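Engineer: Can you keep this structure in mind? I'll have questions shortly.
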Amino acid sequence: MKNSIQHIQAFLAVARTGSFTKAANELHLSPSALTVQVQQLEDWLGVALLDRSPRHVSITAAGEAARAPMEKLLLDLDNIVTGSRDLAALRRGVVTIAALPSVCAGALPPALRLFRERYAGIEVRLHDVVAHRIHAQVRSGEVDFGLGVRARLSHGLDFVPVLNDRLCAFVPLEHPLARHRQLTLEQLAAQPIILTGRDSSVREHVDALFDQTRLTMNAGMEANYMSTVLALVRQGLGISVLPESAADSLEGLKRINIDHPGVNREIGLIRRSGMGLSPAAQQCFELLNTELPSRPPSRSLTLPVCPGVAR
């Protein structure tokens with residue numbers, strides 16, 4: 001029924017005040033206009049809500065039964081309107097992001113601190129997961145958007161590059177290669193290489209580098225956690241090729257640049273193609289797209305990382 005909310009408000013005002021005149025004054029209506037609204041509501045419901053006499057107004061049994069549900073309806077509607085306006089004004093909301101563990105511990109926190117300063121009422125939830133899980137969670141809608149690598153990006157996902165993370169060689173300090181300022185893939189191929197797990201984007205990148213250059217990689221050992229890989233390198237069991245952000249400490253290690261253009265990997269924002277974001281998620285997406293590239297690429301991911309699964 002058209003204007004049903006106003007009609008319900010008219011009935012509840014009469015029920016609360018016990019007077020058409022008082023209710024009309026409260027709602028800034030004429031008594032005749034208020035009477036018409038109540039009558040139209042009764043006609044729509046098919047029951048009398050009020051008993052009227054020249055000196056007295058009382059609520060019928062049907063009116064008493066309808067009163068509480070109508071009050072709840074208006075309260076729920078008011079909460080919906082208030083909540084929607086808060087979301088639109090970025091005063092509240094939740095943003096869920098899936099990101100590589102190195103990004104979660106490096107470049108992302110300073111940008112999120114800025115976001116929190118601007119939008120204190122918005123909660124941010126982080127999923128620090130390996131690359132292929134970022135794609136899956138974005139596609140399923142489990143998260144609003146992701147921050148990961150372009151590799152194996154499937155149809156239906158958009159990628160906006162924001163960071164560059166180089167692969168570097170990590171060798172023990174006493175290793176013969178430690179005297180070099182940079183290394184070639186040919187030099188690395190001659191050494192036993194300690195690899196990350198096969199489900200990590202780092203492993204895919206390293207495998208692809210050696211495949212593309214037709215070099216045979218001397219696979220030594222394998223571990224899921226980059227902290228474990230580096231511990232094995234420190235013990236002289238081999239060398240490794242990892243993101244420059246991998247080591248929280250270079251004690252016992254030397255990090256050496258690799259002379260090959262393919263060692264750079266793009267890290268970017270990932271979202272579902274053609275799908276809109278909530279106001280809060282859209283604002284966070286735009287802030288990260290602006291703030292993350294402003295951090296110097298060579299230092300963007302060099303903060304200590306959590307001892308998590310290889311990314």
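By order of appearance in the structure tokens: chains A, B, ..., then residues from 1 within every chain, and ligands from 1 in the order shown.
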Pull the strand (DSSP E) assignments for stretch 124-194 of chain A out of DSSP run on the backbone, and list those residues as a VMD selection string.

Structural biologist: chain A and resid 124 to 128 145 to 149 157 to 172 182 to 183 193 to 194

Engineer: Once you have the residues from the selection above, write them out as an mmCIF file, in the first residue's frame, restricted to N, CA and C atoms.

Structural biologist:
```cif
data_model
loop_
_atom_site.group_PDB
_atom_site.id
_atom_site.type_symbol
_atom_site.label_atom_id
_atom_site.label_comp_id
_atom_site.auth_asym_id
_atom_site.auth_seq_id
_atom_site.Cartn_x
_atom_site.Cartn_y
_atom_site.Cartn_z
ATOM 1 N N VAL A 124 39.114 -4.294 9.007
ATOM 2 C CA VAL A 124 39.843 -4.977 7.932
ATOM 3 C C VAL A 124 40.242 -6.364 8.420
ATOM 4 N N ARG A 125 39.907 -7.380 7.619
ATOM 5 C CA ARG A 125 40.258 -8.764 7.943
ATOM 6 C C ARG A 125 41.220 -9.284 6.876
ATOM 7 N N LEU A 126 42.372 -9.798 7.305
ATOM 8 C CA LEU A 126 43.387 -10.289 6.380
ATOM 9 C C LEU A 126 43.458 -11.804 6.379
ATOM 10 N N HIS A 127 43.520 -12.393 5.182
ATOM 11 C CA HIS A 127 43.810 -13.810 5.024
ATOM 12 C C HIS A 127 45.203 -13.896 4.393
ATOM 13 N N ASP A 128 46.216 -14.299 5.145
ATOM 14 C CA ASP A 128 47.547 -14.448 4.564
ATOM 15 C C ASP A 128 47.699 -15.878 4.071
ATOM 16 N N PHE A 145 38.756 -8.665 -2.197
ATOM 17 C CA PHE A 145 39.774 -8.648 -3.246
ATOM 18 C C PHE A 145 41.062 -9.227 -2.686
ATOM 19 N N GLY A 146 42.036 -9.439 -3.560
ATOM 20 C CA GLY A 146 43.283 -10.055 -3.140
ATOM 21 C C GLY A 146 44.483 -9.213 -3.506
ATOM 22 N N LEU A 147 45.618 -9.612 -2.974
ATOM 23 C CA LEU A 147 46.890 -8.969 -3.272
ATOM 24 C C LEU A 147 47.893 -10.095 -3.490
ATOM 25 N N GLY A 148 48.134 -10.411 -4.768
ATOM 26 C CA GLY A 148 48.972 -11.560 -5.083
ATOM 27 C C GLY A 148 49.663 -11.407 -6.418
ATOM 28 N N VAL A 149 50.068 -12.552 -6.997
ATOM 29 C CA VAL A 149 50.834 -12.543 -8.242
ATOM 30 C C VAL A 149 49.919 -12.774 -9.439
ATOM 31 N N LEU A 157 39.004 -12.795 -13.503
ATOM 32 C CA LEU A 157 39.698 -12.011 -12.478
ATOM 33 C C LEU A 157 40.506 -10.907 -13.147
ATOM 34 N N ASP A 158 40.476 -9.725 -12.549
ATOM 35 C CA ASP A 158 41.267 -8.594 -13.035
ATOM 36 C C ASP A 158 42.476 -8.400 -12.146
ATOM 37 N N PHE A 159 43.585 -7.968 -12.742
ATOM 38 C CA PHE A 159 44.847 -7.791 -12.026
ATOM 39 C C PHE A 159 45.352 -6.371 -12.250
ATOM 40 N N VAL A 160 45.612 -5.651 -11.157
ATOM 41 C CA VAL A 160 46.148 -4.288 -11.224
ATOM 42 C C VAL A 160 47.512 -4.290 -10.545
ATOM 43 N N PRO A 161 48.622 -4.237 -11.302
ATOM 44 C CA PRO A 161 49.960 -4.307 -10.683
ATOM 45 C C PRO A 161 50.236 -3.110 -9.778
ATOM 46 N N VAL A 162 50.821 -3.381 -8.617
ATOM 47 C CA VAL A 162 51.145 -2.297 -7.679
ATOM 48 C C VAL A 162 52.559 -2.399 -7.102
ATOM 49 N N LEU A 163 53.151 -3.597 -7.105
ATOM 50 C CA LEU A 163 54.462 -3.784 -6.485
ATOM 51 C C LEU A 163 55.341 -4.680 -7.348
ATOM 52 N N ASN A 164 56.638 -4.578 -7.117
ATOM 53 C CA ASN A 164 57.617 -5.429 -7.777
ATOM 54 C C ASN A 164 58.447 -6.129 -6.697
ATOM 55 N N ASP A 165 58.531 -7.439 -6.762
ATOM 56 C CA ASP A 165 59.311 -8.189 -5.774
ATOM 57 C C ASP A 165 60.293 -9.073 -6.527
ATOM 58 N N ARG A 166 61.587 -8.796 -6.367
ATOM 59 C CA ARG A 166 62.606 -9.547 -7.108
ATOM 60 C C ARG A 166 62.939 -10.872 -6.422
ATOM 61 N N LEU A 167 63.262 -11.866 -7.243
ATOM 62 C CA LEU A 167 63.860 -13.087 -6.725
ATOM 63 C C LEU A 167 65.363 -12.869 -6.622
ATOM 64 N N CYS A 168 65.938 -13.299 -5.515
ATOM 65 C CA CYS A 168 67.370 -13.182 -5.279
ATOM 66 C C CYS A 168 67.932 -14.534 -4.852
ATOM 67 N N ALA A 169 69.232 -14.660 -4.951
ATOM 68 C CA ALA A 169 69.899 -15.868 -4.464
ATOM 69 C C ALA A 169 70.304 -15.659 -3.011
ATOM 70 N N PHE A 170 70.094 -16.683 -2.189
ATOM 71 C CA PHE A 170 70.537 -16.680 -0.796
ATOM 72 C C PHE A 170 71.568 -17.784 -0.639
ATOM 73 N N VAL A 171 72.774 -17.402 -0.191
ATOM 74 C CA VAL A 171 73.871 -18.370 -0.062
ATOM 75 C C VAL A 171 74.504 -18.224 1.317
ATOM 76 N N PRO A 172 75.132 -19.288 1.821
ATOM 77 C CA PRO A 172 75.849 -19.157 3.098
ATOM 78 C C PRO A 172 77.031 -18.203 2.935
ATOM 79 N N GLN A 182 76.637 -10.195 -8.118
ATOM 80 C CA GLN A 182 75.439 -10.715 -8.746
ATOM 81 C C GLN A 182 75.772 -12.043 -9.403
ATOM 82 N N LEU A 183 74.750 -12.833 -9.657
ATOM 83 C CA LEU A 183 74.934 -14.178 -10.174
ATOM 84 C C LEU A 183 74.057 -14.384 -11.395
ATOM 85 N N ILE A 193 70.036 -26.594 -5.219
ATOM 86 C CA ILE A 193 69.113 -25.531 -4.842
ATOM 87 C C ILE A 193 68.037 -26.079 -3.925
ATOM 88 N N ILE A 194 67.864 -25.435 -2.793
ATOM 89 C CA ILE A 194 66.817 -25.819 -1.853
ATOM 90 C C ILE A 194 65.545 -25.074 -2.261
#
```

Engineer: Check stretch 74-302 of chain A with DSSP on the backbone and list each residue it calls helix (DSSP H, G or I), as JSON, numbers by chain.

Structural biologist: {"A": [74, 75, 76, 77, 78, 79, 80, 81, 82, 83, 84, 85, 86, 87, 88, 101, 102, 103, 104, 105, 108, 109, 110, 111, 112, 113, 114, 115, 116, 117, 118, 131, 132, 133, 134, 135, 136, 137, 138, 139, 140, 176, 177, 178, 179, 185, 186, 187, 188, 189, 201, 202, 203, 204, 205, 206, 207, 208, 209, 210, 211, 212, 226, 227, 228, 229, 230, 231, 232, 233, 234, 261, 262, 263, 279, 280, 281, 282, 283, 284, 285, 286, 287, 288, 289, 290, 291, 292, 293, 294, 297, 298, 299]}

Engineer: Given only C-alpha atoms as the basis, pick out the residue of A:Leu277, A:Ala10, A:Ala48, A:Ile267 nearest to A:Val36.

Structural biologist: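 That would be A:Ala10, the residue with the smallest distance to A:Val36.
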
Engineer: Considering only C-alpha atoms, tabulate each residue of stretch 257-289 of chain A that lies at most 12 Å from stretch 227-250 of chain A along with its nearest interatomic pair and the corresponding distance in Å to one decimal; arrange the rows by chain and ascending residue number and present them as JSON lines.

Structural biologist:
```
{"residue": "A:Asn257", "atom": "CA", "partner": "A:Glu244", "partner_atom": "CA", "distance": 8.7}
{"residue": "A:Ile258", "atom": "CA", "partner": "A:Val241", "partner_atom": "CA", "distance": 9.0}
{"residue": "A:Val263", "atom": "CA", "partner": "A:Pro243", "partner_atom": "CA", "distance": 8.9}
{"residue": "A:Asn264", "atom": "CA", "partner": "A:Pro243", "partner_atom": "CA", "distance": 9.1}
{"residue": "A:Arg265", "atom": "CA", "partner": "A:Pro243", "partner_atom": "CA", "distance": 8.9}
{"residue": "A:Glu266", "atom": "CA", "partner": "A:Pro243", "partner_atom": "CA", "distance": 11.5}
{"residue": "A:Ile267", "atom": "CA", "partner": "A:Pro243", "partner_atom": "CA", "distance": 11.6}
```

Engineer: Take the residues that were just selected and, keeping all heavy atoms, output them as a compact mmCIF listing (two decimals), in the first residue's frame.

Structural biologist:
```txt
# COMPACT_ATOMS: atom_id res chain seq x y z
N ASN A 257 71.84 -10.40 -5.92
CA ASN A 257 70.96 -10.17 -7.06
C ASN A 257 71.27 -11.17 -8.18
O ASN A 257 72.42 -11.59 -8.36
CB ASN A 257 71.12 -8.75 -7.59
CG ASN A 257 70.57 -7.71 -6.63
OD1 ASN A 257 69.77 -8.02 -5.76
ND2 ASN A 257 71.03 -6.48 -6.77
N ILE A 258 70.24 -11.51 -8.93
CA ILE A 258 70.38 -12.43 -10.06
C ILE A 258 70.30 -11.61 -11.34
O ILE A 258 69.37 -10.83 -11.54
CB ILE A 258 69.28 -13.50 -10.04
CG1 ILE A 258 69.36 -14.32 -8.74
CG2 ILE A 258 69.38 -14.42 -11.25
CD1 ILE A 258 68.21 -15.29 -8.56
N VAL A 263 63.59 -12.28 -13.15
CA VAL A 263 63.51 -12.48 -11.70
C VAL A 263 62.52 -11.53 -11.04
O VAL A 263 62.18 -11.71 -9.87
CB VAL A 263 64.90 -12.32 -11.04
CG1 VAL A 263 65.85 -13.38 -11.55
CG2 VAL A 263 65.45 -10.92 -11.26
N ASN A 264 62.07 -10.51 -11.76
CA ASN A 264 61.08 -9.60 -11.19
C ASN A 264 59.69 -10.20 -11.32
O ASN A 264 59.31 -10.67 -12.39
CB ASN A 264 61.13 -8.25 -11.92
CG ASN A 264 62.41 -7.50 -11.63
OD1 ASN A 264 62.73 -7.23 -10.48
ND2 ASN A 264 63.16 -7.18 -12.67
N ARG A 265 58.94 -10.17 -10.24
CA ARG A 265 57.56 -10.65 -10.31
C ARG A 265 56.63 -9.54 -9.85
O ARG A 265 56.89 -8.83 -8.88
CB ARG A 265 57.36 -11.91 -9.47
CG ARG A 265 57.54 -11.74 -7.98
CD ARG A 265 57.12 -13.01 -7.24
NE ARG A 265 57.13 -12.80 -5.80
CZ ARG A 265 56.55 -13.63 -4.93
NH1 ARG A 265 55.94 -14.71 -5.36
NH2 ARG A 265 56.60 -13.40 -3.64
N GLU A 266 55.55 -9.39 -10.61
CA GLU A 266 54.57 -8.37 -10.28
C GLU A 266 53.63 -8.87 -9.19
O GLU A 266 53.18 -10.01 -9.22
CB GLU A 266 53.74 -8.00 -11.51
CG GLU A 266 54.45 -7.11 -12.50
CD GLU A 266 53.51 -6.72 -13.63
OE1 GLU A 266 52.80 -7.60 -14.13
OE2 GLU A 266 53.50 -5.54 -14.00
N ILE A 267 53.34 -8.00 -8.26
CA ILE A 267 52.32 -8.25 -7.25
C ILE A 267 51.26 -7.18 -7.43
O ILE A 267 51.57 -5.99 -7.57
CB ILE A 267 52.92 -8.21 -5.84
CG1 ILE A 267 53.90 -9.38 -5.67
CG2 ILE A 267 51.83 -8.26 -4.77
CD1 ILE A 267 54.64 -9.37 -4.35
```

Engineer: Excluding stretch 37-40 of chain A and its own-chain neighbours fewer than 2 positions away, which residues fall within 7 Å of it when counting only C-alpha atoms? Please give them as a PyMOL selection string.

Structural biologist: chain A and resi 7+10-11+33-35+42-44

Engineer: Let's have the selection written as a PDB file, in the first residue's frame, with N, CA, C and O atoms.

Structural biologist:
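Written out: again17.pdb:
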```
ATOM      1  N   HIS A   7       1.304   5.588   7.314  1.00  0.00           N
ATOM      2  CA  HIS A   7       0.043   5.129   7.898  1.00  0.00           C
ATOM      3  C   HIS A   7       0.286   4.365   9.195  1.00  0.00           C
ATOM      4  O   HIS A   7      -0.455   4.519  10.171  1.00  0.00           O
ATOM      5  N   ALA A  10       1.123   6.790  11.858  1.00  0.00           N
ATOM      6  CA  ALA A  10      -0.076   7.485  12.322  1.00  0.00           C
ATOM      7  C   ALA A  10      -0.825   6.656  13.350  1.00  0.00           C
ATOM      8  O   ALA A  10      -1.214   7.162  14.422  1.00  0.00           O
ATOM      9  N   PHE A  11      -1.028   5.371  13.070  1.00  0.00           N
ATOM     10  CA  PHE A  11      -1.719   4.502  14.018  1.00  0.00           C
ATOM     11  C   PHE A  11      -0.951   4.400  15.336  1.00  0.00           C
ATOM     12  O   PHE A  11      -1.532   4.507  16.425  1.00  0.00           O
ATOM     13  N   ALA A  33      -6.392  14.803   8.442  1.00  0.00           N
ATOM     14  CA  ALA A  33      -5.441  14.042   7.626  1.00  0.00           C
ATOM     15  C   ALA A  33      -4.978  12.781   8.357  1.00  0.00           C
ATOM     16  O   ALA A  33      -4.827  11.712   7.758  1.00  0.00           O
ATOM     17  N   LEU A  34      -4.761  12.902   9.661  1.00  0.00           N
ATOM     18  CA  LEU A  34      -4.366  11.748  10.464  1.00  0.00           C
ATOM     19  C   LEU A  34      -5.485  10.710  10.481  1.00  0.00           C
ATOM     20  O   LEU A  34      -5.224   9.504  10.356  1.00  0.00           O
ATOM     21  N   THR A  35      -6.704  11.143  10.623  1.00  0.00           N
ATOM     22  CA  THR A  35      -7.840  10.222  10.631  1.00  0.00           C
ATOM     23  C   THR A  35      -7.926   9.448   9.326  1.00  0.00           C
ATOM     24  O   THR A  35      -8.159   8.236   9.318  1.00  0.00           O
ATOM     25  N   GLU A  42      -6.620   0.718   8.190  1.00  0.00           N
ATOM     26  CA  GLU A  42      -7.622  -0.274   8.595  1.00  0.00           C
ATOM     27  C   GLU A  42      -8.275  -0.923   7.368  1.00  0.00           C
ATOM     28  O   GLU A  42      -8.493  -2.141   7.355  1.00  0.00           O
ATOM     29  N   ASP A  43      -8.564  -0.122   6.360  1.00  0.00           N
ATOM     30  CA  ASP A  43      -9.153  -0.679   5.138  1.00  0.00           C
ATOM     31  C   ASP A  43      -8.199  -1.670   4.469  1.00  0.00           C
ATOM     32  O   ASP A  43      -8.613  -2.710   3.968  1.00  0.00           O
ATOM     33  N   TRP A  44      -6.922  -1.334   4.489  1.00  0.00           N
ATOM     34  CA  TRP A  44      -5.914  -2.210   3.856  1.00  0.00           C
ATOM     35  C   TRP A  44      -5.778  -3.532   4.626  1.00  0.00           C
ATOM     36  O   TRP A  44      -5.700  -4.605   4.031  1.00  0.00           O
TER      37      TRP A  44
END
```

Engineer: Pick the closest to A:Leu287 from A:Met70, A:Ala65, A:Leu114, A:Val202: which is it, counting only C-alpha atoms?

Structural biologist: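 The answer is A:Leu114, which sits nearest to A:Leu287.
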
Engineer: Extract, using only C-alpha atoms, all DNA, RNA and protein residues at most 9 Å from A:Gly18, discarding same-chain residues fewer than 5 positions from it, and format them as an MDAnalysis selection string.

Structural biologist: chainID A and resid 13 23 56:59

Engineer: Atom CA of A:Ser200 and atom CA of A:Arg214, how far apart in Å?

Structural biologist: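 We find that atom CA of A:Arg214 and atom CA of A:Ser200 lie 21.4 Å from each other.
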
Engineer: So what do you get for atom CA of A:Pro31 versus atom CA of A:Val81, distance-wise?

Structural biologist: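 Going from atom CA of A:Pro31 over to atom CA of A:Val81, I get 28.6 Å.
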